[in-house]
>>> print(open('model-v4.txt').read())   # compact mmCIF, C-alpha atoms
# COMPACT_ATOMS: atom_id res chain seq x y z
CA MET A 24 0.00 0.00 0.00
CA ILE A 25 1.17 3.53 -0.86
CA TYR A 26 0.17 6.08 1.78
CA ILE A 27 -0.35 9.70 0.70
CA LEU A 28 -1.19 12.77 2.77
CA LEU A 29 -3.05 15.82 1.45
CA CYS A 30 -4.19 18.80 3.53
CA GLY A 31 -6.81 21.49 3.10
CA ASN A 32 -10.41 22.67 3.39
CA ALA A 33 -13.46 22.17 1.18
CA LYS A 34 -11.81 24.24 -1.56
CA VAL A 35 -9.13 21.60 -2.22
CA PHE A 36 -11.71 19.28 -3.79
CA ASP A 37 -10.73 20.12 -7.39
CA GLY A 38 -7.03 19.78 -6.60
CA ALA A 39 -7.55 16.44 -4.87
CA LEU A 40 -9.73 15.18 -7.73
CA THR A 41 -7.25 16.12 -10.47
CA GLN A 42 -4.27 14.83 -8.51
CA LEU A 43 -5.88 11.50 -7.58
CA ILE A 44 -6.93 10.92 -11.18
CA SER A 45 -3.32 11.45 -12.30
CA ILE A 46 -2.04 9.08 -9.60
CA THR A 47 -4.53 6.28 -10.12
CA ASN A 48 -4.19 6.44 -13.91
CA ARG A 49 -0.51 5.53 -13.59
CA THR A 50 -0.21 3.48 -10.39
CA GLN A 51 -1.35 -0.11 -10.09
CA GLU A 52 -0.36 -0.56 -6.45
CA PRO A 53 -3.19 0.24 -3.99
CA VAL A 54 -3.15 3.84 -2.75
CA CYS A 55 -4.51 5.09 0.56
CA CYS A 56 -4.93 8.88 0.56
CA TYR A 57 -5.45 10.67 3.87
CA ILE A 58 -6.90 14.19 3.65
CA MET A 59 -6.24 16.24 6.79
CA THR A 60 -8.81 18.97 7.22
CA MET A 61 -10.34 21.27 9.83
CA ASN A 62 -13.01 23.86 10.43
CA LEU A 63 -11.46 27.27 11.09
CA GLN A 64 -14.37 29.63 10.59
CA ARG A 65 -13.17 31.72 13.53
CA ILE A 66 -10.66 33.12 10.99
CA ARG A 67 -12.65 33.04 7.74
CA GLU A 68 -16.18 31.98 6.92
CA ASP A 69 -15.06 29.78 4.02
CA PHE A 70 -12.48 27.89 6.11
CA THR A 71 -14.66 24.78 6.38
CA SER A 72 -13.63 21.13 6.46
CA ILE A 73 -13.74 19.07 3.31
CA SER A 74 -17.17 17.44 3.42
CA ASP A 75 -18.03 13.77 3.82
CA GLU A 76 -19.88 14.08 0.51
CA GLN A 77 -16.69 15.23 -1.24
CA ILE A 78 -14.69 12.40 0.35
CA ALA A 79 -17.31 9.88 -0.77
CA PHE A 80 -17.11 11.16 -4.34
CA LEU A 81 -13.29 11.00 -4.34
CA ASN A 82 -13.59 7.40 -3.14
CA GLN A 83 -15.98 6.66 -6.00
CA VAL A 84 -13.44 8.02 -8.48
CA VAL A 85 -10.38 6.15 -7.18
CA LYS A 86 -12.25 2.88 -6.65
CA SER A 87 -13.37 2.98 -10.27
CA LYS A 88 -9.68 2.39 -11.09
CA ASN A 89 -8.91 -0.12 -8.34
CA PRO A 90 -11.33 -1.20 -5.58
CA LYS A 91 -8.40 -1.31 -3.15
CA HIS A 92 -7.73 2.44 -3.51
CA GLN A 93 -9.22 4.53 -0.71
CA VAL A 94 -9.56 8.13 0.48
CA LYS A 95 -9.88 8.86 4.21
CA LYS A 96 -10.85 12.09 5.95
CA LEU A 97 -8.90 13.18 9.04
CA ASP A 98 -10.58 16.07 10.85
CA VAL A 99 -7.86 17.54 13.08
CA THR A 100 -9.65 20.73 14.16
CA LYS A 101 -9.25 20.00 17.88
CA LEU A 102 -5.60 19.03 17.48
CA TYR A 103 -4.83 22.16 15.45
CA GLU A 104 -6.45 24.45 18.00
CA GLU A 105 -4.49 22.81 20.81
CA GLU A 106 -1.21 23.36 18.98
CA PHE A 107 -1.55 26.51 16.85
CA HIS A 108 -4.49 28.61 18.09
CA GLN A 109 -3.61 32.25 17.32
CA CYS A 110 0.08 31.43 16.83
CA VAL A 111 2.30 33.94 15.03
CA ASN A 112 2.19 31.97 11.76
CA GLU A 113 -1.60 31.55 11.45
CA SER A 114 -1.55 34.44 8.98
CA ALA A 115 1.27 32.95 6.91
CA TYR A 116 1.77 33.50 3.18
CA CYS A 117 -0.61 30.61 2.56
CA THR A 118 -3.59 29.54 4.68
CA PRO A 119 -3.32 27.93 8.14
CA TYR A 120 -4.02 24.62 6.40
CA THR A 121 -0.36 24.48 5.36
CA LEU A 122 0.45 23.89 9.03
CA LEU A 123 -1.56 20.67 9.19
CA ARG A 124 1.26 18.47 7.89
CA LEU A 125 3.20 19.37 11.03
CA LEU A 126 0.64 17.35 13.01
CA ALA A 127 1.27 14.05 11.19
CA ASP A 128 3.15 12.51 14.12
CA LYS A 129 0.29 13.30 16.53
CA VAL A 130 -2.42 11.51 14.53
CA GLU A 131 -2.96 7.93 15.64
CA GLY A 132 -2.60 5.22 13.04
CA MET A 133 -0.27 7.05 10.66
CA PRO A 134 1.99 4.62 8.74
CA ASP A 135 5.77 4.56 9.15
CA LYS A 136 6.18 5.98 5.64
CA LEU A 137 4.00 8.78 4.34
CA LEU A 138 4.16 10.82 1.13
CA TYR A 139 2.96 14.38 1.65
CA LEU A 140 1.89 16.25 -1.50
CA ASP A 141 0.66 19.81 -1.99
CA ILE A 142 -2.76 20.00 -3.62
CA ASP A 143 -1.43 21.77 -6.76
CA ILE A 144 0.45 18.71 -8.00
CA MET A 145 -0.06 16.28 -10.86
CA VAL A 146 1.70 12.95 -11.15
CA GLY A 147 3.30 12.06 -14.48
CA ASP A 148 4.49 8.51 -13.73
CA ASP A 149 3.94 5.62 -11.34
CA ILE A 150 3.99 7.22 -7.88
CA GLY A 151 5.67 4.06 -6.57
CA LYS A 152 8.92 5.25 -8.18
CA LEU A 153 8.97 7.98 -5.56
CA TYR A 154 7.28 6.25 -2.65
CA HIS A 155 9.62 3.25 -2.65
CA ILE A 156 12.83 5.29 -2.47
CA ASP A 157 14.75 4.12 0.60
CA VAL A 158 14.64 6.77 3.34
CA THR A 159 15.52 4.44 6.22
CA ASP A 160 18.41 6.63 7.39
CA TYR A 161 16.66 9.97 6.80
CA GLU A 162 13.79 11.94 8.30
CA TYR A 163 12.45 12.67 4.83
CA ALA A 164 13.32 13.05 1.17
CA ALA A 165 12.69 16.27 -0.74
CA VAL A 166 13.77 18.35 -3.73
CA LYS A 167 15.53 21.71 -3.62
CA GLU A 168 13.35 24.80 -3.81
CA LYS A 169 13.82 26.50 -7.17
CA TYR A 170 14.43 30.00 -5.77
CA GLY A 171 15.21 29.26 -2.13
CA CYS A 172 18.30 27.21 -2.95
CA TRP A 173 19.80 30.39 -4.42
CA ILE A 174 18.40 32.99 -2.03
CA ILE A 175 18.35 31.16 1.33
CA ARG A 176 20.69 28.14 1.31
CA PRO A 177 21.95 25.72 -1.35
CA ASP A 178 20.10 22.82 0.30
CA TYR A 179 16.85 24.70 1.01
CA ILE A 180 13.88 22.48 0.15
CA ASN A 181 10.48 22.87 -1.43
CA ALA A 182 8.02 21.30 1.02
CA GLY A 183 5.37 20.63 -1.64
CA MET A 184 6.61 17.05 -1.78
CA LEU A 185 7.93 15.39 1.36
CA LEU A 186 8.54 11.66 1.61
CA PHE A 187 8.29 11.30 5.39
CA ASN A 188 10.02 8.54 7.35
CA MET A 189 7.57 8.77 10.23
CA LYS A 190 9.43 6.20 12.31
CA LYS A 191 12.63 8.28 12.20
CA ILE A 192 10.67 11.52 12.72
CA ARG A 193 9.17 10.15 15.93
CA GLU A 194 12.67 9.31 17.12
CA THR A 195 14.25 12.69 16.29
CA GLY A 196 11.23 14.84 17.09
CA LEU A 197 11.45 16.70 13.76
CA LEU A 198 7.79 17.76 13.63
CA GLU A 199 7.71 18.52 17.34
CA LYS A 200 10.68 20.87 16.89
CA ALA A 201 9.02 22.42 13.83
CA ARG A 202 5.81 23.05 15.80
CA ARG A 203 7.78 24.78 18.57
CA LEU A 204 9.49 26.99 16.01
CA ILE A 205 6.18 27.85 14.30
CA LYS A 206 4.72 28.97 17.62
CA ARG A 207 7.77 30.96 18.67
CA ARG A 208 8.93 32.84 15.58
CA LYS A 209 7.31 34.41 12.52
CA LEU A 210 8.72 32.68 9.43
CA LEU A 211 8.56 33.91 5.85
CA PHE A 212 7.68 30.48 4.49
CA ALA A 213 6.04 29.19 7.69
CA ASP A 214 5.91 25.38 7.83
CA GLN A 215 8.41 24.91 4.99
CA SER A 216 11.06 26.89 6.84
CA ALA A 217 10.13 25.30 10.17
CA ILE A 218 10.70 21.83 8.71
CA PHE A 219 13.96 22.85 7.05
CA TRP A 220 15.50 24.45 10.15
CA SER A 221 14.39 21.53 12.35
CA THR A 222 15.89 18.83 10.13
CA SER A 223 18.59 16.48 11.37
CA LYS A 224 19.10 14.49 8.17
CA LYS A 225 17.36 14.68 4.79
CA LEU A 226 17.77 13.05 1.38
CA LEU A 227 17.82 15.40 -1.61
CA LEU A 228 16.19 13.97 -4.74
CA PRO A 229 16.44 14.90 -8.43
CA ARG A 230 14.11 17.57 -9.82
CA ILE A 231 11.88 15.00 -11.55
CA PHE A 232 10.35 14.30 -8.12
CA ASN A 233 9.18 17.91 -7.69
CA GLU A 234 9.41 19.80 -10.96
CA GLN A 235 8.50 23.42 -10.24
CA SER A 236 8.73 25.17 -13.60
CA LYS A 237 8.79 22.85 -16.64
CA PHE A 238 5.38 21.31 -17.15
CA ASN A 239 5.81 19.11 -20.23
CA LYS A 240 8.93 17.07 -19.40
CA LYS A 241 8.36 13.39 -20.18
CA ASP A 242 10.42 12.04 -17.26
CA THR A 243 8.62 14.08 -14.58
CA VAL A 244 7.13 12.07 -11.72
CA ILE A 245 5.85 15.03 -9.67
CA CYS A 246 4.75 18.17 -11.52
CA HIS A 247 4.17 21.05 -9.12
CA PHE A 248 1.97 23.92 -10.33
CA CYS A 249 3.35 26.35 -7.76
CA LYS A 250 3.74 30.10 -8.04
CA ARG A 251 6.46 31.18 -10.50
CA LEU A 252 8.53 34.34 -10.71
CA MET A 253 8.57 35.77 -14.25
CA PHE A 254 10.77 38.56 -15.59
CA ARG A 255 9.21 39.19 -19.03
CA PRO A 256 7.69 41.45 -20.22
CA TYR A 257 8.05 42.86 -16.67
CA PRO A 258 8.74 41.24 -13.26
CA HIS A 259 5.61 39.47 -12.01
CA THR A 260 4.37 36.18 -10.61
CA GLU A 261 2.17 33.52 -12.21
CA ASN A 262 0.06 31.12 -10.18
CA TYR A 263 -2.03 28.83 -12.36
CA LYS A 264 -3.29 25.53 -10.95
CA GLN A 265 -3.93 22.31 -12.83
CA TRP A 266 -7.72 22.47 -12.47
CA GLN A 267 -7.67 25.83 -14.29
CA VAL A 268 -7.50 23.91 -17.55
CA GLU A 269 -7.83 26.81 -19.99
CA GLU A 270 -5.20 28.85 -18.16
CA ILE A 271 -2.56 26.12 -18.03
CA HIS A 272 -3.08 25.55 -21.76
CA LYS A 273 -2.93 29.23 -22.65
CA TYR A 274 -0.24 30.53 -20.28
CA LEU A 275 1.83 27.50 -19.26
CA LYS A 276 1.50 25.73 -22.62
CA CYS A 277 1.05 22.54 -20.64
CA HIS A 278 -0.66 19.62 -22.37
CA ALA A 279 1.09 16.77 -20.54
CA PHE A 280 -2.01 15.99 -18.47
CA ASP A 281 -4.76 16.56 -21.02
CA GLU A 282 -6.18 13.04 -20.71
CA ASP A 283 -6.32 13.33 -16.91
CA LEU A 284 -7.89 16.79 -17.06
CA ASN A 285 -10.49 15.74 -19.62
CA GLU A 286 -11.43 12.94 -17.24
CA TYR A 287 -11.49 15.44 -14.36
CA LEU A 288 -13.98 17.63 -16.25
CA GLN A 289 -16.24 14.62 -16.82
CA TRP A 290 -16.16 13.62 -13.15
CA LYS A 291 -16.64 17.23 -12.03
CA ASN A 292 -19.69 17.58 -14.27
CA LYS A 293 -21.09 14.40 -12.73
CA TYR A 294 -20.47 15.75 -9.22
CA ASP A 295 -22.13 19.08 -10.04
CA ARG A 296 -25.16 17.37 -11.59
CA GLU A 297 -25.59 15.18 -8.51
CA LYS A 298 -25.43 18.22 -6.24
CA GLU A 299 -28.01 20.09 -8.32
CA SER A 300 -30.39 17.15 -8.19
CA GLU A 301 -30.29 16.94 -4.38
>>> encode(input="model-v4.txt", output="structure tokens")
Amino acid sequence: MIYILLCGNAKVFDGALTQLISITNRTQEPVCCYIMTMNLQRIREDFTSISDEQIAFLNQVVKSKNPKHQVKKLDVTKLYEEEFHQCVNESAYCTPYTLLRLLADKVEGMPDKLLYLDIDIMVGDDIGKLYHIDVTDYEYAAVKEKYGCWIIRPDYINAGMLLFNMKKIRETGLLEKARRLIKRRKLLFADQSAIFWSTSKKLLLPRIFNEQSKFNKKDTVICHFCKRLMFRPYPHTENYKQWQVEEIHKYLKCHAFDEDLNEYLQWKNKYDREKESE
């Protein structure tokens, strides 16, 4: 079994749907996807947990590929509030949901090996090629951050893909140290920086396991549709996600996942029709 961790609120549904389609279209081995979520309406009205209805639909999609695939909801609202309520990084550059991965060691039943993926990721090859990399002697495996490895430190990581060795992490206290740092000091990149500065030993992987700028490479395993810094025709950022199909065609010239995204549109139409008929 391959164990994957996603995090977010009800708005991550489209990201989870596109990503899971890309994974299950290329991976024969059974996949168990945990989705950590929480209700945080004390901060914003739309910060609601991913719904049971959405989880059920995601299960319908993945089980259509392999009945052994499964999607599980983990509501960690209580745990989050105990750890991070009104901490200095709740208003980080992303939403508080980015902090949820730091709770992985406190959730009962988590496997000894866990692949965390950001929601804006598509998978271009069998995910087992990444998951089965040996991280026995490391807390996690990751890829260098495209800009951070130049600006911050040569080994600075992008936390959009983290292959966690949970057994080692429980021994070293990596996530516990990261949580303490998050609560104590305001960090520019919040959880990503907290993980990096709390690390004892990590394994750096080739860019194909978290490609952050080239979206049509044939050898890419993890394609990350993260924010990009552009210099032409003037300095600006671009932030197009895979479920914005027209935009990634027009602006990113990305057609590597057209079959997956066409399937996504069909499933999404089905989901919308079912909701309208309720």
>>> closest_residue(input="model-v4.txt", among="A:Gln51, A:Thr121, A:Gln265, A:Asn188", to="Asp148 (chain A)", atoms="only C-alpha atoms")
A:Gln51
>>> closest_residue(input="model-v4.txt", among="A:Glu297, A:Asp149, A:Asp98, A:Glu105", to="Val130 (chain A)", atoms="only C-alpha atoms")
A:Asp98
>>> closest_residue(input="model-v4.txt", among="A:Ser223, A:Ser216, A:Asn82, A:Ser74", to="Arg176 (chain A)", atoms="all atoms listed in the file")
A:Ser216
>>> atom_distance(input="model-v4.txt", atom1="CA of Ala217 (chain A)", atom2="CA of Asp178 (chain A)")
14.2 Å
>>> residues_near_point(input="model-v4.txt", point="(12.8, 23.4, 11.8)", cutoff="9 Å", atoms="only C-alpha atoms", output="list in words")
Leu197, Leu198, Glu199, Lys200, Ala201, Arg202, Arg203, Leu204, Ile205, Asp214, Gln215, Ser216, Ala217, Ile218, Phe219, Trp220, Ser221 and Thr222 of chain A
>>> closest_residue(input="model-v4.txt", among="A:Asp69, A:Glu106, A:Glu194, A:Asp160", to="Leu125 (chain A)", atoms="all atoms listed in the file")
A:Glu106
>>> closest_residue(input="model-v4.txt", among="A:Ile78, A:Met24, A:Tyr263, A:Cys110", to="Lys91 (chain A)", atoms="all atoms listed in the file")
A:Met24
>>> atom_distance(input="model-v4.txt", atom1="CA of Gly31 (chain A)", atom2="CA of Thr71 (chain A)")
9.1 Å
>>> residues_around(input="model-v4.txt", residues="Asp135 (chain A)", least_positions_apart="4", cutoff="9 Å", atoms="only C-alpha atoms", output="list in words")
Phe187, Asn188, Met189, Lys190 and Lys191 of chain A
>>> residues_around(input="model-v4.txt", residues="Cys30 (chain A)", least_positions_apart="6", cutoff="12 Å", atoms="only C-alpha atoms", output="PyMOL selection string")
chain A and resi 36+38-39+56-61+72-73+95-99+118-127+138-143+183
>>> atom_distance(input="model-v4.txt", atom1="CA of Leu210 (chain A)", atom2="CA of Cys117 (chain A)")
11.8 Å
>>> residues_around(input="model-v4.txt", residues="Lys88 (chain A)", least_positions_apart="2", cutoff="9 Å", atoms="only C-alpha atoms", output="PyMOL selection string")
chain A and resi 44+47-48+51+84-86+90-92
>>> closest_residue(input="model-v4.txt", among="A:Leu153, A:Leu284, A:Leu43, A:Ile27", to="Val268 (chain A)", atoms="all atoms listed in the file")
A:Leu284
>>> residues_around(input="model-v4.txt", residues="Glu234 (chain A)", least_positions_apart="3", cutoff="7 Å", atoms="all atoms listed in the file", output="count of residues only")
7
>>> axis_aligned_box(input="model-v4.txt", around="region 215-229 of chain A", padding_each_side="6 Å", output="lines of an AutoDock Vina configuration file")
center_x = 13.8
center_y = 20.0
center_z = 2.0
size_x = 22.7
size_y = 25.8
size_z = 32.8
